[in-house]
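Asks: model33.csv is the file, holding CSV, C-alpha atoms:
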chain,number,residue,atom,x,y,z
A,1,MET,CA,41.9,-1.9,23.7
A,2,ARG,CA,39.2,-2.9,26.1
A,3,THR,CA,38.7,0.6,27.3
A,4,THR,CA,38.3,1.9,23.7
A,5,PHE,CA,35.8,-0.8,23.0
A,6,ARG,CA,33.7,0.1,26.1
A,7,HIS,CA,33.8,3.7,25.0
A,8,GLU,CA,32.7,2.9,21.5
A,9,LEU,CA,29.9,0.8,22.9
A,10,ASP,CA,28.8,3.7,25.2
A,11,GLN,CA,28.7,5.9,22.1
A,12,LEU,CA,26.7,3.4,20.2
A,13,HIS,CA,24.3,3.1,23.1
A,14,GLU,CA,23.8,6.9,23.2
A,15,GLN,CA,23.2,7.1,19.4
A,16,LEU,CA,20.6,4.3,19.6
A,17,ILE,CA,18.8,6.0,22.4
A,18,GLY,CA,19.0,9.2,20.2
A,19,MET,CA,17.3,7.3,17.4
A,20,LEU,CA,14.6,5.9,19.7
A,21,ASN,CA,13.8,9.5,20.9
A,22,LEU,CA,13.6,10.7,17.4
A,23,VAL,CA,11.3,8.0,16.1
A,24,GLU,CA,9.1,8.4,19.2
A,25,ALA,CA,8.8,12.2,18.6
A,26,ALA,CA,8.2,11.6,14.9
A,27,MET,CA,5.3,9.2,15.5
A,28,GLY,CA,3.9,11.5,18.2
A,29,ARG,CA,3.9,14.5,15.8
A,30,ALA,CA,2.6,12.5,12.9
A,31,THR,CA,-0.3,11.2,14.9
A,32,ALA,CA,-1.2,14.7,16.1
A,33,ALA,CA,-1.1,16.0,12.6
A,34,LEU,CA,-3.2,13.1,11.4
A,35,LEU,CA,-6.0,13.4,14.0
A,36,ASP,CA,-6.1,17.2,14.0
A,37,PRO,CA,-5.0,18.1,10.5
A,38,ASP,CA,-1.8,20.3,10.9
A,39,ARG,CA,0.3,20.9,7.8
A,40,ALA,CA,3.3,22.5,9.6
A,41,LEU,CA,3.5,19.6,12.0
A,42,ALA,CA,3.3,16.9,9.3
A,43,GLU,CA,5.9,18.7,7.2
A,44,GLN,CA,8.2,18.8,10.3
A,45,VAL,CA,8.0,15.0,10.4
A,46,LEU,CA,8.9,14.8,6.7
A,47,ALA,CA,11.9,17.1,7.1
A,48,GLU,CA,13.2,15.4,10.3
A,49,ASP,CA,13.3,12.0,8.7
A,50,ALA,CA,16.6,12.9,7.1
A,51,THR,CA,18.1,13.3,10.6
A,52,ILE,CA,17.0,9.8,11.6
A,53,ASP,CA,18.5,8.3,8.3
A,54,ALA,CA,21.8,10.2,9.0
A,55,LEU,CA,22.0,8.8,12.5
A,56,ARG,CA,21.5,5.3,11.2
A,57,ALA,CA,24.4,5.8,8.7
A,58,GLU,CA,26.6,7.1,11.6
A,59,ILE,CA,25.8,4.1,13.8
A,60,ASP,CA,26.5,1.7,10.9
A,61,GLU,CA,29.8,3.3,10.1
A,62,ARG,CA,30.8,3.2,13.8
A,63,VAL,CA,30.0,-0.5,13.9
A,64,LEU,CA,32.1,-1.1,10.8
A,65,THR,CA,35.0,0.9,12.2
A,66,VAL,CA,34.9,-0.9,15.6
A,67,LEU,CA,34.7,-4.3,13.8
A,68,ALA,CA,37.7,-3.4,11.6
A,69,THR,CA,39.9,-1.8,14.3
A,70,GLN,CA,39.0,-3.9,17.4
A,71,GLN,CA,38.3,-7.2,15.8
A,72,PRO,CA,36.0,-8.3,18.6
A,73,VAL,CA,34.9,-11.9,19.0
A,74,ALA,CA,32.1,-13.9,20.7
A,75,ALA,CA,29.7,-11.7,22.8
A,76,ASP,CA,31.3,-8.4,21.8
A,77,LEU,CA,30.8,-9.3,18.1
A,78,ARG,CA,27.2,-10.1,18.7
A,79,VAL,CA,26.6,-6.8,20.4
A,80,LEU,CA,27.8,-4.9,17.4
A,81,VAL,CA,25.7,-7.0,15.0
A,82,ALA,CA,22.7,-6.3,17.3
A,83,ALA,CA,23.4,-2.6,17.1
A,84,LEU,CA,23.4,-2.9,13.3
A,85,ARG,CA,20.0,-4.6,13.3
A,86,MET,CA,18.6,-2.1,15.7
A,87,SER,CA,19.6,0.9,13.6
A,88,GLY,CA,17.9,-0.7,10.6
A,89,ASP,CA,14.6,-1.2,12.5
A,90,LEU,CA,14.7,2.3,14.0
A,91,GLU,CA,15.2,3.8,10.6
A,92,ARG,CA,12.2,1.9,9.3
A,93,MET,CA,10.2,3.2,12.3
A,94,GLY,CA,11.1,6.7,11.2
A,95,ASP,CA,9.9,5.9,7.6
A,96,LEU,CA,6.6,4.7,9.0
A,97,ALA,CA,6.1,7.9,11.0
A,98,ARG,CA,6.8,9.7,7.8
A,99,HIS,CA,4.1,7.7,6.0
A,100,VAL,CA,1.6,8.6,8.7
A,101,ALA,CA,2.6,12.3,8.2
A,102,GLU,CA,2.2,12.0,4.4
A,103,THR,CA,-1.2,10.5,4.9
A,104,ALA,CA,-2.1,13.5,7.2
A,105,LEU,CA,-1.3,15.8,4.2
A,106,LEU,CA,-3.3,13.7,1.6
A,107,ARG,CA,-6.7,15.3,2.0
A,108,TYR,CA,-5.6,18.4,4.0
A,109,PRO,CA,-7.4,20.4,5.4
A,110,GLU,CA,-9.8,17.5,5.7
A,111,SER,CA,-8.9,14.7,8.0
A,112,VAL,CA,-8.4,11.2,6.4
A,113,VAL,CA,-9.6,9.6,9.6
A,114,PRO,CA,-13.4,9.7,10.1
A,115,ALA,CA,-14.5,11.0,13.5
A,116,ASP,CA,-15.8,7.7,14.8
A,117,LEU,CA,-12.4,6.0,14.1
A,118,ARG,CA,-10.2,8.6,15.7
A,119,SER,CA,-10.2,7.1,19.2
A,120,LEU,CA,-9.0,3.7,17.8
A,121,VAL,CA,-6.2,5.3,15.9
A,122,ARG,CA,-5.3,7.3,19.0
A,123,ARG,CA,-5.1,4.1,21.0
A,124,MET,CA,-2.8,2.6,18.4
A,125,SER,CA,-0.5,5.5,18.7
A,126,VAL,CA,-0.6,5.3,22.5
A,127,VAL,CA,0.5,1.6,22.4
A,128,ALA,CA,3.2,2.5,19.9
A,129,GLN,CA,4.6,5.2,22.2
A,130,HIS,CA,4.4,2.9,25.2
A,131,LEU,CA,6.4,0.3,23.3
A,132,VAL,CA,9.1,2.8,22.5
A,133,SER,CA,9.3,4.1,26.1
A,134,GLU,CA,9.5,0.6,27.5
A,135,VAL,CA,12.3,-0.3,25.1
A,136,ARG,CA,14.2,2.8,26.1
A,137,ASP,CA,13.8,2.0,29.9
A,138,CYS,CA,15.2,-1.4,29.4
A,139,VAL,CA,18.3,-0.4,27.3
A,140,GLY,CA,21.4,-0.9,29.4
A,141,TYR,CA,19.6,-2.8,32.3
A,142,PRO,CA,21.2,-6.2,32.7
A,143,GLY,CA,18.7,-9.0,32.3
A,144,GLY,CA,16.1,-6.6,30.9
A,145,ARG,CA,13.0,-8.3,29.7
A,146,SER,CA,11.8,-5.7,27.2
A,147,GLY,CA,11.1,-8.5,24.7
A,148,GLN,CA,8.3,-10.0,26.9
A,149,LEU,CA,6.9,-6.5,27.7
A,150,ALA,CA,7.0,-5.7,24.0
A,151,ASP,CA,5.2,-8.8,23.0
A,152,ARG,CA,2.3,-7.8,25.2
A,153,ASP,CA,2.1,-4.4,23.6
A,154,ASP,CA,2.4,-6.0,20.2
A,155,ASP,CA,-0.6,-8.3,21.0
A,156,ARG,CA,-2.6,-5.1,22.0
A,157,MET,CA,-1.6,-3.4,18.7
A,158,ASP,CA,-2.8,-6.4,16.7
A,159,GLU,CA,-6.1,-6.4,18.5
A,160,LEU,CA,-6.5,-2.7,17.9
A,161,GLN,CA,-5.7,-3.1,14.3
A,162,ARG,CA,-8.4,-5.9,14.1
A,163,GLN,CA,-10.9,-3.6,15.8
A,164,LEU,CA,-10.0,-0.7,13.5
A,165,TYR,CA,-10.5,-2.8,10.3
A,166,GLU,CA,-13.8,-4.1,11.6
A,167,ALA,CA,-15.0,-0.6,12.4
A,168,VAL,CA,-13.9,0.6,8.9
A,169,LEU,CA,-15.9,-2.2,7.3
A,170,CYS,CA,-19.0,-1.5,9.5
A,171,GLY,CA,-19.5,2.1,8.7
A,172,ASP,CA,-20.8,3.5,5.4
A,173,ARG,CA,-17.6,5.2,4.2
A,174,ARG,CA,-16.1,6.8,1.1
A,175,ALA,CA,-13.7,4.4,-0.6
A,176,GLU,CA,-10.7,6.7,0.0
A,177,ASN,CA,-11.4,6.8,3.7
A,178,THR,CA,-11.4,3.0,3.7
A,179,MET,CA,-8.1,3.0,1.8
A,180,ASP,CA,-6.4,5.7,3.9
A,181,VAL,CA,-7.4,4.2,7.2
A,182,THR,CA,-6.4,0.7,6.1
A,183,LEU,CA,-2.9,1.9,5.3
A,184,VAL,CA,-2.7,4.0,8.5
A,185,GLY,CA,-3.6,0.9,10.5
A,186,ARG,CA,-0.9,-1.0,8.7
A,187,TYR,CA,1.7,1.7,9.5
A,188,TYR,CA,1.1,1.6,13.2
A,189,GLU,CA,1.2,-2.2,13.2
A,190,ARG,CA,4.5,-2.3,11.3
A,191,TYR,CA,6.0,0.4,13.6
A,192,ALA,CA,5.1,-1.8,16.6
A,193,ASP,CA,6.6,-4.8,14.9
A,194,HIS,CA,9.9,-3.0,14.4
A,195,ALA,CA,9.8,-1.8,18.0
A,196,VAL,CA,9.5,-5.4,19.1
A,197,ALA,CA,12.4,-6.4,17.0
A,198,VAL,CA,14.5,-3.6,18.7
A,199,ALA,CA,13.3,-4.9,22.1
A,200,ARG,CA,14.6,-8.3,21.3
A,201,GLN,CA,18.0,-6.9,20.4
A,202,VAL,CA,18.0,-4.8,23.6
A,203,ASP,CA,17.5,-7.9,25.7
A,204,PHE,CA,20.3,-9.5,23.9
A,205,LEU,CA,22.6,-6.5,24.6
A,206,ALA,CA,21.5,-6.4,28.2
A,207,GLY,CA,22.2,-10.1,28.7
A,208,VAL,CA,25.7,-9.6,27.3
A,209,GLY,CA,26.4,-6.6,29.5
A,210,SER,CA,25.3,-8.3,32.7
B,211,MET,CA,43.2,-18.1,5.7
B,212,ARG,CA,42.5,-16.3,2.5
B,213,THR,CA,41.3,-19.6,0.8
B,214,THR,CA,39.0,-20.3,3.7
B,215,PHE,CA,37.6,-16.8,3.4
B,216,ARG,CA,36.9,-17.2,-0.3
B,217,HIS,CA,35.3,-20.6,0.4
B,218,GLU,CA,33.0,-19.0,3.0
B,219,LEU,CA,32.1,-16.2,0.7
B,220,ASP,CA,31.2,-18.7,-2.0
B,221,GLN,CA,29.0,-20.5,0.4
B,222,LEU,CA,27.3,-17.3,1.4
B,223,HIS,CA,26.8,-16.4,-2.2
B,224,GLU,CA,25.1,-19.7,-2.8
B,225,GLN,CA,22.9,-19.4,0.2
B,226,LEU,CA,21.8,-15.8,-0.8
B,227,ILE,CA,20.9,-17.1,-4.3
B,228,GLY,CA,19.0,-19.9,-2.6
B,229,MET,CA,17.0,-17.3,-0.7
B,230,LEU,CA,16.4,-15.3,-3.8
B,231,ASN,CA,15.0,-18.4,-5.6
B,232,LEU,CA,12.8,-19.2,-2.6
B,233,VAL,CA,11.3,-15.7,-2.3
B,234,GLU,CA,10.7,-15.6,-6.0
B,235,ALA,CA,8.9,-18.9,-6.0
B,236,ALA,CA,6.9,-17.9,-2.9
B,237,MET,CA,5.6,-14.7,-4.6
B,238,GLY,CA,4.9,-16.5,-7.8
B,239,ARG,CA,2.8,-19.1,-6.0
B,240,ALA,CA,1.1,-16.5,-3.7
B,241,THR,CA,0.1,-14.4,-6.8
B,242,ALA,CA,-1.3,-17.5,-8.6
B,243,ALA,CA,-3.3,-18.4,-5.5
B,244,LEU,CA,-4.5,-14.9,-5.1
B,245,LEU,CA,-5.7,-14.4,-8.7
B,246,ASP,CA,-7.2,-17.8,-9.2
B,247,PRO,CA,-8.1,-18.9,-5.6
B,248,ASP,CA,-6.2,-22.0,-4.7
B,249,ARG,CA,-6.1,-23.0,-1.1
B,250,ALA,CA,-3.4,-25.7,-1.4
B,251,LEU,CA,-1.0,-23.4,-3.3
B,252,ALA,CA,-1.5,-20.6,-0.7
B,253,GLU,CA,-0.9,-23.0,2.2
B,254,GLN,CA,2.2,-24.2,0.5
B,255,VAL,CA,3.6,-20.6,0.6
B,256,LEU,CA,2.7,-20.3,4.3
B,257,ALA,CA,4.4,-23.6,5.1
B,258,GLU,CA,7.6,-22.8,3.1
B,259,ASP,CA,8.1,-19.4,4.8
B,260,ALA,CA,9.8,-21.3,7.6
B,261,THR,CA,12.5,-22.5,5.2
B,262,ILE,CA,13.2,-19.0,4.1
B,263,ASP,CA,13.5,-17.9,7.8
B,264,ALA,CA,15.8,-20.8,8.5
B,265,LEU,CA,18.1,-19.9,5.6
B,266,ARG,CA,18.4,-16.4,6.9
B,267,ALA,CA,19.4,-17.7,10.3
B,268,GLU,CA,22.0,-19.9,8.7
B,269,ILE,CA,23.4,-17.0,6.7
B,270,ASP,CA,23.6,-14.7,9.7
B,271,GLU,CA,25.3,-17.4,11.8
B,272,ARG,CA,27.8,-18.0,9.0
B,273,VAL,CA,28.6,-14.3,8.8
B,274,LEU,CA,29.1,-14.1,12.6
B,275,THR,CA,31.4,-17.2,12.5
B,276,VAL,CA,33.5,-15.7,9.6
B,277,LEU,CA,33.7,-12.4,11.4
B,278,ALA,CA,34.9,-14.1,14.6
B,279,THR,CA,37.3,-16.6,13.1
B,280,GLN,CA,38.8,-14.6,10.2
B,281,GLN,CA,38.6,-11.1,11.6
B,282,PRO,CA,38.3,-9.5,8.1
B,283,VAL,CA,38.9,-5.8,7.6
B,284,ALA,CA,38.1,-3.2,5.0
B,285,ALA,CA,36.4,-4.5,1.9
B,286,ASP,CA,36.0,-8.1,3.1
B,287,LEU,CA,34.3,-6.8,6.2
B,288,ARG,CA,31.8,-4.7,4.2
B,289,VAL,CA,31.0,-7.8,2.1
B,290,LEU,CA,30.0,-9.6,5.2
B,291,VAL,CA,27.8,-6.8,6.5
B,292,ALA,CA,26.2,-6.5,3.0
B,293,ALA,CA,25.3,-10.3,3.2
B,294,LEU,CA,23.8,-9.6,6.6
B,295,ARG,CA,21.6,-6.8,5.2
B,296,MET,CA,20.6,-8.9,2.2
B,297,SER,CA,19.5,-11.8,4.3
B,298,GLY,CA,17.2,-9.4,6.3
B,299,ASP,CA,15.6,-8.0,3.2
B,300,LEU,CA,15.1,-11.4,1.6
B,301,GLU,CA,13.5,-12.7,4.8
B,302,ARG,CA,11.1,-9.8,4.7
B,303,MET,CA,10.3,-10.5,1.0
B,304,GLY,CA,9.3,-14.0,2.1
B,305,ASP,CA,7.0,-12.5,4.7
B,306,LEU,CA,5.4,-10.3,2.1
B,307,ALA,CA,4.8,-13.3,-0.2
B,308,ARG,CA,3.2,-15.0,2.9
B,309,HIS,CA,0.9,-12.0,3.4
B,310,VAL,CA,-0.3,-12.2,-0.2
B,311,ALA,CA,-0.9,-15.9,0.3
B,312,GLU,CA,-2.8,-15.2,3.6
B,313,THR,CA,-4.9,-12.6,1.7
B,314,ALA,CA,-5.7,-15.2,-0.9
B,315,LEU,CA,-7.2,-17.4,1.8
B,316,LEU,CA,-9.2,-14.5,3.4
B,317,ARG,CA,-12.4,-14.9,1.4
B,318,TYR,CA,-11.7,-18.3,-0.1
B,319,PRO,CA,-13.2,-19.6,-2.4
B,320,GLU,CA,-14.1,-16.1,-3.5
B,321,SER,CA,-11.2,-14.0,-4.9
B,322,VAL,CA,-10.3,-10.9,-2.9
B,323,VAL,CA,-9.3,-9.2,-6.2
B,324,PRO,CA,-12.3,-8.0,-8.3
B,325,ALA,CA,-12.1,-9.1,-11.9
B,326,ASP,CA,-11.3,-5.7,-13.4
B,327,LEU,CA,-8.3,-5.2,-11.1
B,328,ARG,CA,-6.7,-8.6,-11.7
B,329,SER,CA,-4.6,-7.5,-14.7
B,330,LEU,CA,-3.0,-4.6,-12.7
B,331,VAL,CA,-2.2,-7.0,-9.8
B,332,ARG,CA,-0.7,-9.4,-12.3
B,333,ARG,CA,1.4,-6.7,-13.8
B,334,MET,CA,2.7,-5.8,-10.3
B,335,SER,CA,3.7,-9.4,-9.8
B,336,VAL,CA,5.5,-9.5,-13.1
B,337,VAL,CA,7.5,-6.5,-12.2
B,338,ALA,CA,8.3,-8.0,-8.9
B,339,GLN,CA,9.5,-11.3,-10.5
B,340,HIS,CA,11.5,-9.3,-13.1
B,341,LEU,CA,13.2,-7.4,-10.3
B,342,VAL,CA,14.3,-10.6,-8.5
B,343,SER,CA,15.6,-12.2,-11.7
B,344,GLU,CA,17.6,-9.1,-12.6
B,345,VAL,CA,19.1,-9.1,-9.1
B,346,ARG,CA,20.0,-12.7,-9.5
B,347,ASP,CA,21.6,-12.2,-12.9
B,348,CYS,CA,23.8,-9.5,-11.5
B,349,VAL,CA,25.0,-11.4,-8.4
B,350,GLY,CA,28.7,-12.1,-8.8
B,351,TYR,CA,29.3,-10.0,-11.9
B,352,PRO,CA,31.9,-7.4,-11.3
B,353,GLY,CA,30.7,-3.9,-11.8
B,354,GLY,CA,27.1,-5.2,-11.9
B,355,ARG,CA,24.6,-2.4,-12.1
B,356,SER,CA,21.6,-4.1,-10.7
B,357,GLY,CA,20.8,-1.0,-8.5
B,358,GLN,CA,20.1,1.1,-11.6
B,359,LEU,CA,18.1,-1.6,-13.3
B,360,ALA,CA,16.2,-2.2,-10.0
B,361,ASP,CA,15.4,1.5,-9.7
B,362,ARG,CA,13.6,1.4,-13.1
B,363,ASP,CA,11.5,-1.5,-12.1
B,364,ASP,CA,10.8,0.2,-8.8
B,365,ASP,CA,9.5,3.2,-10.6
B,366,ARG,CA,7.3,0.9,-12.6
B,367,MET,CA,6.0,-0.7,-9.5
B,368,ASP,CA,5.2,2.7,-7.9
B,369,GLU,CA,3.3,3.7,-11.1
B,370,LEU,CA,1.3,0.4,-11.1
B,371,GLN,CA,0.5,0.8,-7.4
B,372,ARG,CA,-0.8,4.4,-8.2
B,373,GLN,CA,-2.9,3.0,-11.0
B,374,LEU,CA,-4.3,0.2,-8.8
B,375,TYR,CA,-5.3,2.6,-6.1
B,376,GLU,CA,-6.9,4.9,-8.6
B,377,ALA,CA,-8.8,1.9,-10.1
B,378,VAL,CA,-9.9,0.8,-6.7
B,379,LEU,CA,-11.4,4.2,-6.0
B,380,CYS,CA,-13.1,4.5,-9.4
B,381,GLY,CA,-15.2,1.3,-9.1
B,382,ASP,CA,-18.3,0.8,-7.0
B,383,ARG,CA,-16.8,-1.8,-4.6
B,384,ARG,CA,-17.5,-3.5,-1.3
B,385,ALA,CA,-15.5,-2.0,1.4
B,386,GLU,CA,-13.6,-5.3,2.1
B,387,ASN,CA,-12.5,-5.4,-1.5
B,388,THR,CA,-11.1,-1.9,-1.1
B,389,MET,CA,-9.3,-2.9,2.1
B,390,ASP,CA,-7.9,-6.2,0.7
B,391,VAL,CA,-6.7,-4.7,-2.6
B,392,THR,CA,-5.1,-1.7,-0.8
B,393,LEU,CA,-3.1,-4.0,1.4
B,394,VAL,CA,-2.2,-6.3,-1.6
B,395,GLY,CA,-0.9,-3.3,-3.5
B,396,ARG,CA,1.2,-2.3,-0.5
B,397,TYR,CA,2.7,-5.9,-0.2
B,398,TYR,CA,3.9,-5.9,-3.8
B,399,GLU,CA,5.3,-2.4,-3.4
B,400,ARG,CA,7.2,-3.3,-0.3
B,401,TYR,CA,8.5,-6.5,-1.9
B,402,ALA,CA,9.9,-4.4,-4.7
B,403,ASP,CA,11.5,-2.0,-2.2
B,404,HIS,CA,13.3,-4.8,-0.4
B,405,ALA,CA,14.4,-6.2,-3.8
B,406,VAL,CA,15.9,-2.8,-4.6
B,407,ALA,CA,17.7,-2.8,-1.3
B,408,VAL,CA,19.1,-6.3,-2.1
B,409,ALA,CA,20.2,-5.0,-5.6
B,410,ARG,CA,22.1,-2.1,-4.0
B,411,GLN,CA,24.0,-4.6,-1.8
B,412,VAL,CA,24.7,-6.8,-4.8
B,413,ASP,CA,26.3,-3.9,-6.6
B,414,PHE,CA,28.4,-3.3,-3.5
B,415,LEU,CA,29.5,-6.9,-3.4
B,416,ALA,CA,30.2,-6.9,-7.2
B,417,GLY,CA,32.3,-3.8,-6.9
B,418,VAL,CA,34.3,-5.3,-4.2
B,419,GLY,CA,34.8,-8.6,-6.1
B,420,SER,CA,36.1,-6.9,-9.3
Go ahead and render the structure in this file as structure tokens.

Replies:
Amino acid sequence: MRTTFRHELDQLHEQLIGMLNLVEAAMGRATAALLDPDRALAEQVLAEDATIDALRAEIDERVLTVLATQQPVAADLRVLVAALRMSGDLERMGDLARHVAETALLRYPESVVPADLRSLVRRMSVVAQHLVSEVRDCVGYPGGRSGQLADRDDDRMDELQRQLYEAVLCGDRRAENTMDVTLVGRYYERYADHAVAVARQVDFLAGVGS
Amino acid sequence: MRTTFRHELDQLHEQLIGMLNLVEAAMGRATAALLDPDRALAEQVLAEDATIDALRAEIDERVLTVLATQQPVAADLRVLVAALRMSGDLERMGDLARHVAETALLRYPESVVPADLRSLVRRMSVVAQHLVSEVRDCVGYPGGRSGQLADRDDDRMDELQRQLYEAVLCGDRRAENTMDVTLVGRYYERYADHAVAVARQVDFLAGVGS
């Protein structure tokens, strides 16, 4: 029973890492397509979102199966519930990458991000990618502290969003630029928030596995 | 064992209805404070968000306890996982109401919503409230079809958001109005999306209970 449970947990772990890799690649491509308008790249992100959604469904089914067949209690039970929460956050991160890709297509071949705002948006995407890679490094390490690391990145993201909104209001811009960039800023900030939520569950899993 | 399980399910049901009532009241107050600037009302929404968060934590703990002590399988297990998902969506709806309230305070005592856009924002809030009351009516009714009803409201919300964004771009506005109203539109749309997610879980629970 115990061996089967460990095996199922390993499988879940691998699937969650798989989702992390997918949402990281999605946001990377979406950002590239946004800053240097690229229809094919943006459309790739839209197409691949279905893979992320399918992986979430697989994880959730696996959790339900393990709950039903192994009837875990205490710490083991909390691990499974954590996996369920993580899959939900990761799916949402995929959605947000998709929103960035959709925004990239909005005024194609024009860019929705004015030239003077591009470096701020790029910095937001760098913080987002850093968050994801930190979370991935901590998965499976006992006593991991990805939650604390993630909080620092999250503060950076909030500060960049504040700077972006300030810069948007300073320039003399077309209203649709203001609208598009406002939403783009919100997408990165939400992506980071969900990554932080995943980080908290990772710490939780690491603490249990130690 | 079975009687205890039914009792726990009834308690969960009551707590979920409690959360629905709270997020409905929160969005009602936030909208009132937004359209007719009211600092006290907006601050009430901010203060009461903690109650919504606490209720979510209670629901999640109850689900974990029931999972651990009753070790349910099959349909019963899925009911508990559905409750877990609903509490997450409801908490997020509370957060979005809080964001609307925070926006109401941004330029207080000025309104962030220009006069010509107020009726559109009001209509978005009406659809949001309608969604929540439909979901509540369906909870506990076997074979409830709140998912379908919710989809119709969700389409209405998307259409209103489209109209709002179009109206924002048509007028000659200050950039911060464009930014604020863009985000407000997004908050209502996300609130509706989460309500639809709750509706789907309600259908699921109803089907199981029939």

Asks: Let me make sure I understand: among A:Leu16, A:Leu9, A:Ala50, A:Ala42, which one has the smallest atom-to-atom distance to Val66 of chain A if we use all atoms listed in the file?

Replies: A:Leu9

Asks: Which residues are close to Pro37 of chain A, i.e. within 10 Å by all atoms listed in the file, leaving aside same-chain residues fewer than 4 positions away? Reply as a list in words.

Replies: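 The residues satisfying every condition are Ala30, Thr31, Ala32, Ala33, Leu41, Ala42, Ala101, Ala104, Leu105, Arg107, Tyr108, Pro109, Glu110, Ser111, Val112 and Val113 of chain A.
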
Asks: Taking into account only C-alpha atoms, which residue in the set B:Leu306, B:Ala360, B:Val255, B:Leu393 is nearest to chain A?

Replies: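 The answer is B:Leu393, which sits nearest to chain A.
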
Asks: Give me the residues near Asn387 of chain B as a compact mmCIF listing (two decimals) with C-alpha atoms, keeping the file's coordinate frame, where near means some atom within 9 Å (using only C-alpha atoms) and where sequence neighbours in that chain fewer than 3 positions away do not count.

Replies:
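Listing of selection.txt after writing:
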# COMPACT_ATOMS: atom_id res chain seq x y z
CA VAL B 322 -10.30 -10.90 -2.90
CA VAL B 323 -9.30 -9.20 -6.20
CA PRO B 324 -12.30 -8.00 -8.30
CA VAL B 378 -9.90 0.80 -6.70
CA ARG B 383 -16.80 -1.80 -4.60
CA ARG B 384 -17.50 -3.50 -1.30
CA ASP B 390 -7.90 -6.20 0.70
CA VAL B 391 -6.70 -4.70 -2.60
CA THR B 392 -5.10 -1.70 -0.80

Asks: Please determine, counting only C-alpha atoms, which residue among B:His223, B:Arg272, B:Arg239, B:Arg295 has the shortest atom-to-atom distance to chain A.

Replies: B:Arg295

Asks: Take atom CA of Glu189 of chain A and atom CA of Ala250 of chain B and report the distance between them in Å, one decimal.

Replies: 28.0 Å

Asks: Atom CA of Asp248 of chain B to atom CA of Arg346 of chain B: how many Å, to one decimal?

Replies: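 Answer for the atom CA of Asp248 of chain B to atom CA of Arg346 of chain B separation: 28.2 Å.
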
Asks: Could you check which of A:Glu48, A:Asp155, A:Asp95, A:Glu58 is closest to Gln11 of chain A, using only C-alpha atoms?

Replies: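 Among A:Glu48, A:Asp155, A:Asp95, A:Glu58, it is A:Glu58 that comes nearest to Gln11 of chain A.
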
Asks: Atom CA of Arg39 of chain A to atom CA of Asp158 of chain A: how many Å, to one decimal?

Replies: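 Calculated distance between atom CA of Arg39 of chain A and atom CA of Asp158 of chain A is 28.9 Å.
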
Asks: Would you list the contacts of Asp259 of chain B as a list in words, taking every protein, DNA or RNA residue within 9 Å and counting all atoms listed in the file, but skipping same-chain residues closer than 5 positions in sequence?

Replies: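 After dropping sequence-adjacent residues, the list is Leu232, Val233, Ala236, Gln254, Ala264, Glu301, Gly304, Asp305, Ala307 and Arg308 of chain B.
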
Asks: Quick one: residues within 7 Å of Met19 of chain A, only C-alpha atoms counted, chain neighbours fewer than 6 positions away excluded, as number ranges by chain?

Replies: A: 52, 55, 90
